[in-house]
$ cat input-v4.pdb   # PDB, C-alpha atoms and all ligand atoms
MODEL        1
ATOM      1  CA  MET A 585     -22.051   6.659 -26.683
ATOM      2  CA  SER A 586     -19.511   4.039 -27.443
ATOM      3  CA  LEU A 587     -15.903   4.346 -26.351
ATOM      4  CA  ASP A 588     -13.166   5.103 -28.856
ATOM      5  CA  LEU A 589     -10.806   2.182 -28.101
ATOM      6  CA  VAL A 590      -7.443   1.705 -29.785
ATOM      7  CA  PRO A 591      -5.849  -1.695 -29.000
ATOM      8  CA  LEU A 592      -2.269  -1.555 -27.660
ATOM      9  CA  MET A 593      -1.091  -5.157 -28.071
ATOM     10  CA  PRO A 594      -2.531  -8.163 -29.907
ATOM     11  CA  ALA A 595      -3.160  -9.921 -26.567
ATOM     12  CA  PHE A 596      -4.521  -7.083 -24.415
ATOM     13  CA  GLY A 597      -4.553  -3.379 -23.555
ATOM     14  CA  ALA A 598      -6.384  -0.460 -25.143
ATOM     15  CA  GLU A 599      -6.139   3.298 -25.173
ATOM     16  CA  VAL A 600      -9.430   5.060 -24.560
ATOM     17  CA  ARG A 601      -9.501   8.248 -26.651
ATOM     18  CA  ASP A 602     -11.607  11.389 -26.342
ATOM     19  CA  LEU A 603     -12.992  10.778 -22.895
ATOM     20  CA  ASP A 604     -12.636  13.343 -20.102
ATOM     21  CA  LEU A 605     -13.004  11.565 -16.786
ATOM     22  CA  ALA A 606     -12.523  14.818 -14.852
ATOM     23  CA  ALA A 607     -16.064  15.610 -15.972
ATOM     24  CA  ASP A 608     -19.052  13.724 -14.610
ATOM     25  CA  GLN A 609     -19.882  10.783 -16.853
ATOM     26  CA  PRO A 610     -23.200   8.971 -17.148
ATOM     27  CA  GLU A 611     -23.426   5.451 -15.751
ATOM     28  CA  SER A 612     -23.518   4.081 -19.297
ATOM     29  CA  VAL A 613     -19.946   5.339 -19.877
ATOM     30  CA  ILE A 614     -18.713   3.778 -16.646
ATOM     31  CA  ASP A 615     -20.415   0.520 -17.669
ATOM     32  CA  GLU A 616     -18.609   0.667 -21.008
ATOM     33  CA  LEU A 617     -15.303   1.248 -19.234
ATOM     34  CA  LYS A 618     -15.969  -1.833 -17.072
ATOM     35  CA  ARG A 619     -16.786  -3.895 -20.172
ATOM     36  CA  ALA A 620     -13.631  -2.609 -21.875
ATOM     37  CA  LEU A 621     -11.585  -3.501 -18.790
ATOM     38  CA  ASN A 622     -12.964  -7.064 -18.867
ATOM     39  CA  GLN A 623     -12.044  -7.302 -22.529
ATOM     40  CA  TYR A 624      -8.660  -5.532 -22.592
ATOM     41  CA  SER A 625      -7.393  -5.848 -18.960
ATOM     42  CA  VAL A 626      -5.460  -2.531 -19.155
ATOM     43  CA  LEU A 627      -6.898   0.845 -20.207
ATOM     44  CA  ILE A 628      -4.805   3.946 -20.877
ATOM     45  CA  LEU A 629      -6.342   7.415 -20.799
ATOM     46  CA  ARG A 630      -4.171  10.443 -21.582
ATOM     47  CA  ASP A 631      -4.608  13.979 -20.293
ATOM     48  CA  GLN A 632      -6.934  13.288 -17.364
ATOM     49  CA  ARG A 633      -6.789  16.306 -15.044
ATOM     50  CA  LEU A 634      -8.321  14.643 -12.013
ATOM     51  CA  SER A 635      -8.510  16.230  -8.584
ATOM     52  CA  GLU A 636      -7.913  13.833  -5.699
ATOM     53  CA  ALA A 637     -11.645  13.966  -4.932
ATOM     54  CA  ARG A 638     -12.526  13.040  -8.517
ATOM     55  CA  HIS A 639      -9.922  10.265  -8.612
ATOM     56  CA  VAL A 640     -11.544   8.708  -5.540
ATOM     57  CA  GLU A 641     -15.091   9.243  -6.832
ATOM     58  CA  LEU A 642     -14.278   7.711 -10.207
ATOM     59  CA  SER A 643     -12.491   4.756  -8.590
ATOM     60  CA  ARG A 644     -15.535   4.107  -6.377
ATOM     61  CA  ALA A 645     -17.609   3.623  -9.508
ATOM     62  CA  PHE A 646     -15.644   0.363  -9.931
ATOM     63  CA  GLY A 647     -16.295  -0.798  -6.358
ATOM     64  CA  PRO A 648     -15.408  -0.086  -2.720
ATOM     65  CA  LEU A 649     -11.831   1.098  -2.246
ATOM     66  CA  MET A 650      -9.086  -0.460  -0.166
ATOM     67  CA  VAL A 651      -6.805   1.474   2.182
ATOM     68  CA  HIS A 652      -3.111   0.579   2.128
ATOM     69  CA  VAL A 653      -1.469  -0.696   5.299
ATOM     70  CA  LEU A 654       1.427   1.840   4.967
ATOM     71  CA  LYS A 655      -0.563   4.734   6.412
ATOM     72  CA  GLN A 656       2.337   7.197   6.157
ATOM     73  CA  PHE A 657       1.916   7.252   2.351
ATOM     74  CA  LEU A 658      -1.821   7.999   2.189
ATOM     75  CA  THR A 659      -3.128  11.452   1.289
ATOM     76  CA  THR A 660      -5.161  13.695   3.550
ATOM     77  CA  PRO A 661      -8.147  13.829   3.406
ATOM     78  CA  TYR A 662      -8.249  10.829   1.018
ATOM     79  CA  PRO A 663      -6.734   7.744   2.669
ATOM     80  CA  GLU A 664      -7.931   5.748  -0.366
ATOM     81  CA  ILE A 665      -5.078   7.368  -2.335
ATOM     82  CA  TYR A 666      -1.710   5.658  -1.909
ATOM     83  CA  VAL A 667       1.189   7.854  -3.054
ATOM     84  CA  LEU A 668       4.168   6.415  -4.943
ATOM     85  CA  SER A 669       6.972   8.943  -5.062
ATOM     86  CA  ASN A 670      10.635   9.775  -4.487
ATOM     87  CA  VAL A 671       9.740  13.283  -3.258
ATOM     88  CA  ALA A 672      10.232  14.390   0.352
ATOM     89  CA  GLU A 673       8.590  17.416   1.937
ATOM     90  CA  ASP A 674       9.871  18.837   5.247
ATOM     91  CA  GLY A 675      12.271  15.893   5.407
ATOM     92  CA  LYS A 676       9.447  13.339   5.129
ATOM     93  CA  PRO A 677       8.766  11.162   2.065
ATOM     94  CA  ILE A 678       5.340  11.964   0.609
ATOM     95  CA  GLY A 679       5.062   8.516  -0.953
ATOM     96  CA  ASN A 680       6.489   5.037  -1.074
ATOM     97  CA  HIS A 681       9.618   5.061  -3.252
ATOM     98  CA  LYS A 682      10.644   1.953  -5.223
ATOM     99  CA  GLU A 683       7.234   0.411  -4.625
ATOM    100  CA  GLY A 684       6.256  -2.212  -7.173
ATOM    101  CA  TRP A 685       9.694  -2.565  -8.790
ATOM    102  CA  ASN A 686       8.895  -6.260  -9.065
ATOM    103  CA  TRP A 687       6.286  -8.177 -11.050
ATOM    104  CA  HIS A 688       3.107  -8.415  -9.002
ATOM    105  CA  SER A 689      -0.631  -7.977  -8.898
ATOM    106  CA  ASP A 690      -1.771  -5.350  -6.388
ATOM    107  CA  LEU A 691      -2.564  -6.577  -2.882
ATOM    108  CA  SER A 692      -2.329 -10.248  -3.871
ATOM    109  CA  TYR A 693      -1.126 -10.791  -0.296
ATOM    110  CA  VAL A 694      -4.595 -10.333   1.236
ATOM    111  CA  ALA A 695      -7.440 -12.861   1.291
ATOM    112  CA  GLU A 696      -9.562 -10.778  -1.095
ATOM    113  CA  PRO A 697      -7.060  -9.001  -3.350
ATOM    114  CA  SER A 698      -7.822  -5.877  -5.322
ATOM    115  CA  MET A 699      -9.889  -6.338  -8.516
ATOM    116  CA  GLY A 700      -8.329  -3.326 -10.168
ATOM    117  CA  SER A 701      -6.205  -0.214  -9.713
ATOM    118  CA  LEU A 702      -6.373   3.337 -11.063
ATOM    119  CA  LEU A 703      -2.947   4.981 -11.227
ATOM    120  CA  HIS A 704      -2.826   8.707 -11.961
ATOM    121  CA  ALA A 705       0.447  10.382 -12.948
ATOM    122  CA  LEU A 706       0.992  13.815 -11.407
ATOM    123  CA  GLU A 707       4.715  14.276 -12.107
ATOM    124  CA  VAL A 708       6.834  11.965 -14.228
ATOM    125  CA  PRO A 709      10.528  11.866 -15.189
ATOM    126  CA  PRO A 710      11.322  12.590 -18.847
ATOM    127  CA  GLU A 711      13.095   9.220 -19.065
ATOM    128  CA  GLY A 712      12.801   5.888 -17.257
ATOM    129  CA  ALA A 713      10.055   5.024 -14.765
ATOM    130  CA  ASP A 714       7.958   3.176 -17.351
ATOM    131  CA  THR A 715       5.464   0.656 -16.029
ATOM    132  CA  LEU A 716       5.281  -2.784 -17.620
ATOM    133  CA  PHE A 717       2.014  -4.713 -17.743
ATOM    134  CA  ALA A 718       1.690  -8.417 -18.562
ATOM    135  CA  SER A 719      -1.442 -10.325 -19.528
ATOM    136  CA  MET A 720      -1.863 -13.354 -17.322
ATOM    137  CA  HIS A 721      -4.673 -14.626 -19.566
ATOM    138  CA  ALA A 722      -2.237 -14.695 -22.482
ATOM    139  CA  ALA A 723       0.464 -16.243 -20.298
ATOM    140  CA  TYR A 724      -1.823 -19.035 -19.101
ATOM    141  CA  GLU A 725      -3.245 -19.735 -22.540
ATOM    142  CA  ALA A 726       0.259 -20.078 -24.034
ATOM    143  CA  LEU A 727       1.409 -22.694 -21.505
ATOM    144  CA  PRO A 728       1.877 -26.269 -22.756
ATOM    145  CA  GLU A 729      -1.145 -28.446 -21.936
ATOM    146  CA  GLU A 730       0.873 -30.645 -19.540
ATOM    147  CA  THR A 731       2.001 -27.582 -17.554
ATOM    148  CA  LYS A 732      -1.593 -26.336 -17.368
ATOM    149  CA  GLU A 733      -2.663 -29.716 -16.004
ATOM    150  CA  ARG A 734       0.207 -29.789 -13.535
ATOM    151  CA  ILE A 735      -0.430 -26.333 -12.080
ATOM    152  CA  ARG A 736      -4.251 -26.252 -12.147
ATOM    153  CA  PRO A 737      -4.628 -27.911  -8.696
ATOM    154  CA  LEU A 738      -1.710 -25.986  -7.109
ATOM    155  CA  SER A 739      -1.796 -23.072  -4.677
ATOM    156  CA  ALA A 740       0.911 -20.706  -3.512
ATOM    157  CA  VAL A 741       1.660 -18.613  -0.427
ATOM    158  CA  HIS A 742       1.603 -14.828  -0.987
ATOM    159  CA  SER A 743       3.537 -12.962   1.689
ATOM    160  CA  TYR A 744       3.691  -9.187   2.173
ATOM    161  CA  ALA A 745       6.342  -9.583   4.887
ATOM    162  CA  THR A 746       8.603 -11.496   2.460
ATOM    163  CA  TYR A 747       8.096  -8.876  -0.252
ATOM    164  CA  TYR A 748       8.657  -5.975   2.146
ATOM    165  CA  ALA A 749      11.918  -7.406   3.486
ATOM    166  CA  LYS A 750      13.215  -7.957  -0.071
ATOM    167  CA  ALA A 751      12.009  -4.645  -1.516
ATOM    168  CA  PHE A 752      13.031  -2.405   1.392
ATOM    169  CA  PRO A 753      15.993  -4.040   3.170
ATOM    170  CA  ASP A 754      17.194  -0.640   4.440
ATOM    171  CA  ARG A 755      13.935   0.184   6.245
ATOM    172  CA  GLU A 756      12.567  -0.723   9.637
ATOM    173  CA  PRO A 757      10.602  -3.991   9.336
ATOM    174  CA  LEU A 758       6.793  -3.867   9.376
ATOM    175  CA  ASP A 759       5.413  -3.081  12.812
ATOM    176  CA  GLU A 760       3.147  -5.427  14.741
ATOM    177  CA  THR A 761      -0.105  -3.848  13.521
ATOM    178  CA  GLN A 762       1.044  -3.966   9.902
ATOM    179  CA  ARG A 763       2.145  -7.588  10.265
ATOM    180  CA  ALA A 764      -1.141  -8.519  11.927
ATOM    181  CA  LYS A 765      -3.016  -6.976   8.976
ATOM    182  CA  THR A 766      -0.958  -8.872   6.397
ATOM    183  CA  PRO A 767      -0.594 -12.529   7.397
ATOM    184  CA  ASP A 768       0.636 -14.916   4.676
ATOM    185  CA  ILE A 769      -2.212 -16.065   2.474
ATOM    186  CA  VAL A 770      -2.759 -18.949   0.061
ATOM    187  CA  HIS A 771      -4.188 -18.424  -3.447
ATOM    188  CA  PRO A 772      -4.583 -20.719  -6.456
ATOM    189  CA  ILE A 773      -1.848 -20.463  -9.112
ATOM    190  CA  VAL A 774      -4.492 -20.526 -11.816
ATOM    191  CA  ARG A 775      -7.453 -18.280 -11.147
ATOM    192  CA  THR A 776     -10.725 -17.747 -12.949
ATOM    193  CA  HIS A 777     -11.869 -14.266 -13.845
ATOM    194  CA  PRO A 778     -15.125 -13.895 -11.901
ATOM    195  CA  GLU A 779     -16.794 -11.858 -14.654
ATOM    196  CA  THR A 780     -15.562 -13.458 -17.874
ATOM    197  CA  GLY A 781     -14.739 -16.990 -16.679
ATOM    198  CA  ARG A 782     -11.338 -16.784 -18.435
ATOM    199  CA  PRO A 783      -8.457 -18.505 -16.613
ATOM    200  CA  SER A 784      -5.190 -16.735 -15.869
ATOM    201  CA  LEU A 785      -1.873 -17.401 -14.230
ATOM    202  CA  TYR A 786      -1.639 -15.950 -10.719
ATOM    203  CA  VAL A 787       2.012 -15.696  -9.704
ATOM    204  CA  GLY A 788       4.467 -12.876  -8.907
ATOM    205  CA  GLN A 789       8.049 -12.116  -7.934
ATOM    206  CA  ASP A 790       9.050 -11.771  -4.271
ATOM    207  CA  ILE A 791       5.468 -11.746  -2.949
ATOM    208  CA  VAL A 792       4.834 -15.374  -3.928
ATOM    209  CA  LYS A 793       6.894 -17.266  -1.412
ATOM    210  CA  GLU A 794       6.294 -20.936  -2.153
ATOM    211  CA  ILE A 795       3.994 -23.472  -3.712
ATOM    212  CA  VAL A 796       1.987 -25.394  -1.152
ATOM    213  CA  GLY A 797       2.893 -29.081  -0.814
ATOM    214  CA  LEU A 798       6.024 -29.065  -3.005
ATOM    215  CA  PRO A 799       9.574 -29.555  -1.703
ATOM    216  CA  PHE A 800      11.274 -26.132  -1.485
ATOM    217  CA  ASP A 801      13.647 -26.676  -4.458
ATOM    218  CA  GLU A 802      10.870 -27.891  -6.721
ATOM    219  CA  SER A 803       8.664 -24.985  -5.668
ATOM    220  CA  GLU A 804      11.487 -22.505  -6.407
ATOM    221  CA  ARG A 805      12.111 -24.055  -9.838
ATOM    222  CA  LEU A 806       8.448 -24.052 -10.825
ATOM    223  CA  LEU A 807       7.861 -20.495  -9.583
ATOM    224  CA  ALA A 808      10.936 -19.268 -11.478
ATOM    225  CA  GLU A 809       9.748 -21.041 -14.621
ATOM    226  CA  LEU A 810       6.216 -19.613 -14.360
ATOM    227  CA  ASN A 811       7.432 -16.099 -13.526
ATOM    228  CA  ARG A 812       9.822 -16.190 -16.510
ATOM    229  CA  HIS A 813       7.082 -17.395 -18.824
ATOM    230  CA  ALA A 814       4.552 -14.851 -17.498
ATOM    231  CA  ILE A 815       6.613 -11.887 -18.662
ATOM    232  CA  ARG A 816       7.466 -13.098 -22.156
ATOM    233  CA  SER A 817       7.713 -10.052 -24.400
ATOM    234  CA  ASP A 818       4.570 -10.860 -26.406
ATOM    235  CA  PHE A 819       2.508 -10.703 -23.193
ATOM    236  CA  VAL A 820       3.998  -7.359 -22.067
ATOM    237  CA  TYR A 821       2.965  -3.760 -22.753
ATOM    238  CA  ARG A 822       5.392  -0.988 -21.712
ATOM    239  CA  HIS A 823       3.680   2.206 -20.641
ATOM    240  CA  LYS A 824       5.656   5.435 -21.091
ATOM    241  CA  TRP A 825       4.048   7.906 -18.744
ATOM    242  CA  GLN A 826       3.041  11.476 -19.446
ATOM    243  CA  ALA A 827       1.752  13.755 -16.694
ATOM    244  CA  ASN A 828      -2.035  13.364 -16.281
ATOM    245  CA  ASP A 829      -2.134   9.834 -17.653
ATOM    246  CA  LEU A 830      -4.608   7.571 -15.948
ATOM    247  CA  VAL A 831      -4.050   3.834 -16.268
ATOM    248  CA  ILE A 832      -6.757   1.454 -15.111
ATOM    249  CA  TRP A 833      -5.858  -2.221 -14.879
ATOM    250  CA  ASP A 834      -7.474  -5.466 -13.845
ATOM    251  CA  ASN A 835      -5.433  -7.107 -11.076
ATOM    252  CA  ARG A 836      -7.282 -10.404 -11.567
ATOM    253  CA  CYS A 837      -5.609 -11.106 -14.896
ATOM    254  CA  THR A 838      -2.493  -8.908 -15.166
ATOM    255  CA  MET A 839       0.792  -8.318 -13.395
ATOM    256  CA  HIS A 840       2.748  -5.086 -13.547
ATOM    257  CA  CYS A 841       6.220  -3.864 -12.669
ATOM    258  CA  ALA A 842       7.528  -0.323 -12.218
ATOM    259  CA  THR A 843      11.017   0.377 -13.618
ATOM    260  CA  PRO A 844      13.864   2.520 -12.224
ATOM    261  CA  TYR A 845      14.749   6.108 -13.125
ATOM    262  CA  ASP A 846      17.317   8.714 -12.102
ATOM    263  CA  ASP A 847      15.724   9.482  -8.766
ATOM    264  CA  ASN A 848      18.425  11.996  -7.776
ATOM    265  CA  ARG A 849      17.571  14.089 -10.792
ATOM    266  CA  TYR A 850      13.860  13.684 -11.418
ATOM    267  CA  ARG A 851      10.645  13.805  -9.407
ATOM    268  CA  ARG A 852       7.939  11.195  -9.772
ATOM    269  CA  VAL A 853       4.554  11.557  -8.065
ATOM    270  CA  MET A 854       1.842   8.967  -8.715
ATOM    271  CA  HIS A 855      -1.515   8.481  -7.001
ATOM    272  CA  ARG A 856      -3.003   4.997  -6.867
ATOM    273  CA  THR A 857      -6.401   3.771  -5.754
ATOM    274  CA  THR A 858      -7.173   0.068  -5.437
ATOM    275  CA  VAL A 859     -10.653  -1.364  -5.810
ATOM    276  CA  SER A 860     -11.745  -4.252  -3.583
ATOM    277  CA  GLY A 861     -12.019  -7.703  -5.120
ATOM    278  CA  ASP A 862     -13.148 -11.221  -4.302
ATOM    279  CA  ARG A 863     -11.341 -14.287  -3.068
ATOM    280  CA  PRO A 864      -9.547 -15.836  -6.082
ATOM    281  CA  PHE A 865     -10.848 -19.228  -7.244
TER     282      PHE A 865
HETATM  283  C1  LIG A 901       2.334  -0.188  -8.568
HETATM  284  O1  LIG A 901       2.927  -1.224  -8.367
HETATM  285  O2  LIG A 901       1.133  -0.103  -8.404
HETATM  286  C2  LIG A 901       3.113   1.016  -9.013
HETATM  287  C3  LIG A 901       3.441   1.061 -10.439
HETATM  288  C4  LIG A 901       4.239   2.287 -10.764
HETATM  289  O3  LIG A 901       4.619   3.059  -9.869
HETATM  290  O4  LIG A 901       4.516   2.495 -11.929
ENDMDL
END

$ encode --input "input-v4.pdb" --output "structure tokens"
Amino acid sequence: MSLDLVPLMPAFGAEVRDLDLAADQPESVIDELKRALNQYSVLILRDQRLSEARHVELSRAFGPLMVHVLKQFLTTPYPEIYVLSNVAEDGKPIGNHKEGWNWHSDLSYVAEPSMGSLLHALEVPPEGADTLFASMHAAYEALPEETKERIRPLSAVHSYATYYAKAFPDREPLDETQRAKTPDIVHPIVRTHPETGRPSLYVGQDIVKEIVGLPFDESERLLAELNRHAIRSDFVYRHKWQANDLVIWDNRCTMHCATPYDDNRYRRVMHRTTVSGDRPF
């Protein structure tokens, strides 16, 4: 079988049609999905009625799964599923609200960041709450040659604590265990895709704190410039969610950003799994 792939943008992204991932699929189909992910970086699949068990099983086909440090937002009995939601039950939030409302690549703040994520929409607002995806291959390739040369040897500090304080200023800071699990970490600004060899820009808002070895002002200016460039409209796909959408993306060569919605009026419930990756190089 070969997948029915409809490209979304000239630079990246494809919709996979006529594939039901709730049903068991032969290894050949999973292999094709992995090949398509390497080629397109973001895959959209509509109308996927996945149970939590199937979501986890399917995600494991891409590699071992990571468990998020914010344990209060994990499902039972599947701690591999991290819930993103504005819904509260019995006075307790069932998921992390306003998570990822900044441009980032999932779990870039650990030594071996996630290779990819599978986000399944359970309930979505009728308006707002789109997710934007940007191709970091396209962003890198479009940089002027002198900028490429300048940034190729540079590394930057990724900091979960910095992101958390900026994203959730009204919450209690991370506790000691969470902080111990998420020390600041240094990654190259240009990384190489371990499967395709293609280079990409590896930056992000809020999580990327500073460029190693540059004076603070220069680091701020360069990060702002690279972050602005990375989300140029021709590198960005806007996903308008429908319930039961599954989006699979490659964190090694994309960034994404969730967008706001009327959270007093609408419910949003999303389940995300993140697949383990390698140390960026
Ligand atoms: C994320 O950053 O993984 C969440 C994206 C979203 O909620 O749309």

$ atom_distance --input "input-v4.pdb" --atom1 "atom CA of A:Leu806" --atom2 "atom CA of A:His742"
15.1 Å

$ resolve_selection --input "input-v4.pdb" --expression "the PyMOL selection byres (((chain A and resi 671-677) around 8) and not hetatm)" --output "compact mmCIF listing (two decimals) with C-alpha atoms, in the coordinates of the input"
# COMPACT_ATOMS: atom_id res chain seq x y z
CA PHE A 657 1.92 7.25 2.35
CA SER A 669 6.97 8.94 -5.06
CA ASN A 670 10.64 9.78 -4.49
CA ILE A 678 5.34 11.96 0.61
CA GLY A 679 5.06 8.52 -0.95
CA ASN A 680 6.49 5.04 -1.07
CA ARG A 851 10.64 13.80 -9.41
CA ARG A 852 7.94 11.20 -9.77
CA VAL A 853 4.55 11.56 -8.06

$ residues_near_ligand --input "input-v4.pdb" --ligand "ligand LIG 901 (chain A)" --cutoff "7 Å" --atoms "only C-alpha atoms and all ligand atoms" --output "mmCIF file with C-alpha atoms, in the frame of the given file"
data_model
loop_
_atom_site.group_PDB
_atom_site.id
_atom_site.type_symbol
_atom_site.label_atom_id
_atom_site.label_comp_id
_atom_site.auth_asym_id
_atom_site.auth_seq_id
_atom_site.Cartn_x
_atom_site.Cartn_y
_atom_site.Cartn_z
ATOM 1 C CA LEU A 668 4.168 6.415 -4.943
ATOM 2 C CA GLU A 683 7.234 0.411 -4.625
ATOM 3 C CA GLY A 684 6.256 -2.212 -7.173
ATOM 4 C CA TRP A 685 9.694 -2.565 -8.790
ATOM 5 C CA ASP A 690 -1.771 -5.350 -6.388
ATOM 6 C CA ALA A 713 10.055 5.024 -14.765
ATOM 7 C CA ASP A 714 7.958 3.176 -17.351
ATOM 8 C CA THR A 715 5.464 0.656 -16.029
ATOM 9 C CA HIS A 840 2.748 -5.086 -13.547
ATOM 10 C CA CYS A 841 6.220 -3.864 -12.669
ATOM 11 C CA ALA A 842 7.528 -0.323 -12.218
ATOM 12 C CA MET A 854 1.842 8.967 -8.715
ATOM 13 C CA ARG A 856 -3.003 4.997 -6.867
#

$ closest_residue --input "input-v4.pdb" --among "A:Ala745, A:Leu785, A:Ala740, A:Ala607" --to "A:Glu804" --atoms "all atoms listed in the file"
A:Ala740

$ atom_distance --input "input-v4.pdb" --atom1 "atom CA of A:Leu758" --atom2 "atom CA of A:Lys655"
11.7 Å

$ closest_residue --input "input-v4.pdb" --among "A:Pro709, A:Asp604, A:Pro594, A:Met650" --to "A:Asp847" --atoms "only C-alpha atoms"
A:Pro709

$ closest_residue --input "input-v4.pdb" --among "A:Pro710, A:Gly597, A:Pro737, A:Pro757" --to "A:Thr838" --atoms "all atoms listed in the file"
A:Gly597

$ resolve_selection --input "input-v4.pdb" --expression "the PyMOL selection byres (((chain A and resi 692) around 10) and not hetatm)" --output "list in words"
His688, Ser689, Asp690, Leu691, Tyr693, Val694, Ala695, Glu696, Pro697, Ser698, Met699, Val741, His742, Ser743, Tyr744, Ile769, Val770, His771, Tyr786, Val787, Gly788, Ile791, Val792, Asn835, Arg836, Arg863 and Pro864 of chain A

$ write_last_selection --input "input-v4.pdb" --atoms "C-alpha atoms" --output "short mmCIF file (atom, residue, chain, number, x, y, z; two decimals), in the frame of the given file"
data_model
loop_
_atom_site.label_atom_id
_atom_site.label_comp_id
_atom_site.auth_asym_id
_atom_site.auth_seq_id
_atom_site.Cartn_x
_atom_site.Cartn_y
_atom_site.Cartn_z
CA HIS A 688 3.11 -8.41 -9.00
CA SER A 689 -0.63 -7.98 -8.90
CA ASP A 690 -1.77 -5.35 -6.39
CA LEU A 691 -2.56 -6.58 -2.88
CA TYR A 693 -1.13 -10.79 -0.30
CA VAL A 694 -4.60 -10.33 1.24
CA ALA A 695 -7.44 -12.86 1.29
CA GLU A 696 -9.56 -10.78 -1.10
CA PRO A 697 -7.06 -9.00 -3.35
CA SER A 698 -7.82 -5.88 -5.32
CA MET A 699 -9.89 -6.34 -8.52
CA VAL A 741 1.66 -18.61 -0.43
CA HIS A 742 1.60 -14.83 -0.99
CA SER A 743 3.54 -12.96 1.69
CA TYR A 744 3.69 -9.19 2.17
CA ILE A 769 -2.21 -16.07 2.47
CA VAL A 770 -2.76 -18.95 0.06
CA HIS A 771 -4.19 -18.42 -3.45
CA TYR A 786 -1.64 -15.95 -10.72
CA VAL A 787 2.01 -15.70 -9.70
CA GLY A 788 4.47 -12.88 -8.91
CA ILE A 791 5.47 -11.75 -2.95
CA VAL A 792 4.83 -15.37 -3.93
CA ASN A 835 -5.43 -7.11 -11.08
CA ARG A 836 -7.28 -10.40 -11.57
CA ARG A 863 -11.34 -14.29 -3.07
CA PRO A 864 -9.55 -15.84 -6.08
#

$ resolve_selection --input "input-v4.pdb" --expression "the PyMOL selection byres (((chain A and resi 590) around 10) and not hetatm)" --output "list in words"
Leu587, Asp588, Leu589, Pro591, Leu592, Met593, Gly597, Ala598, Glu599, Val600, Arg601, Leu627 and Ile628 of chain A

$ write_last_selection --input "input-v4.pdb" --atoms "C-alpha atoms" --output "PDB file, in the coordinates of the input"
ATOM      1  CA  LEU A 587     -15.903   4.346 -26.351  1.00  0.00           C
ATOM      2  CA  ASP A 588     -13.166   5.103 -28.856  1.00  0.00           C
ATOM      3  CA  LEU A 589     -10.806   2.182 -28.101  1.00  0.00           C
ATOM      4  CA  PRO A 591      -5.849  -1.695 -29.000  1.00  0.00           C
ATOM      5  CA  LEU A 592      -2.269  -1.555 -27.660  1.00  0.00           C
ATOM      6  CA  MET A 593      -1.091  -5.157 -28.071  1.00  0.00           C
ATOM      7  CA  GLY A 597      -4.553  -3.379 -23.555  1.00  0.00           C
ATOM      8  CA  ALA A 598      -6.384  -0.460 -25.143  1.00  0.00           C
ATOM      9  CA  GLU A 599      -6.139   3.298 -25.173  1.00  0.00           C
ATOM     10  CA  VAL A 600      -9.430   5.060 -24.560  1.00  0.00           C
ATOM     11  CA  ARG A 601      -9.501   8.248 -26.651  1.00  0.00           C
ATOM     12  CA  LEU A 627      -6.898   0.845 -20.207  1.00  0.00           C
ATOM     13  CA  ILE A 628      -4.805   3.946 -20.877  1.00  0.00           C
TER      14      ILE A 628
END

$ residues_around --input "input-v4.pdb" --residues "A:Val613" --least-positions-apart "2" --cutoff "12 Å" --atoms "only C-alpha atoms" --output "PyMOL selection string"
chain A and resi 585-588+600+603-605+607-611+615-620+642+645-646

$ closest_residue --input "input-v4.pdb" --among "A:Gln826, A:Gly712, A:Tyr724, A:Ile735" --to "A:Leu798" --atoms "all atoms listed in the file"
A:Ile735
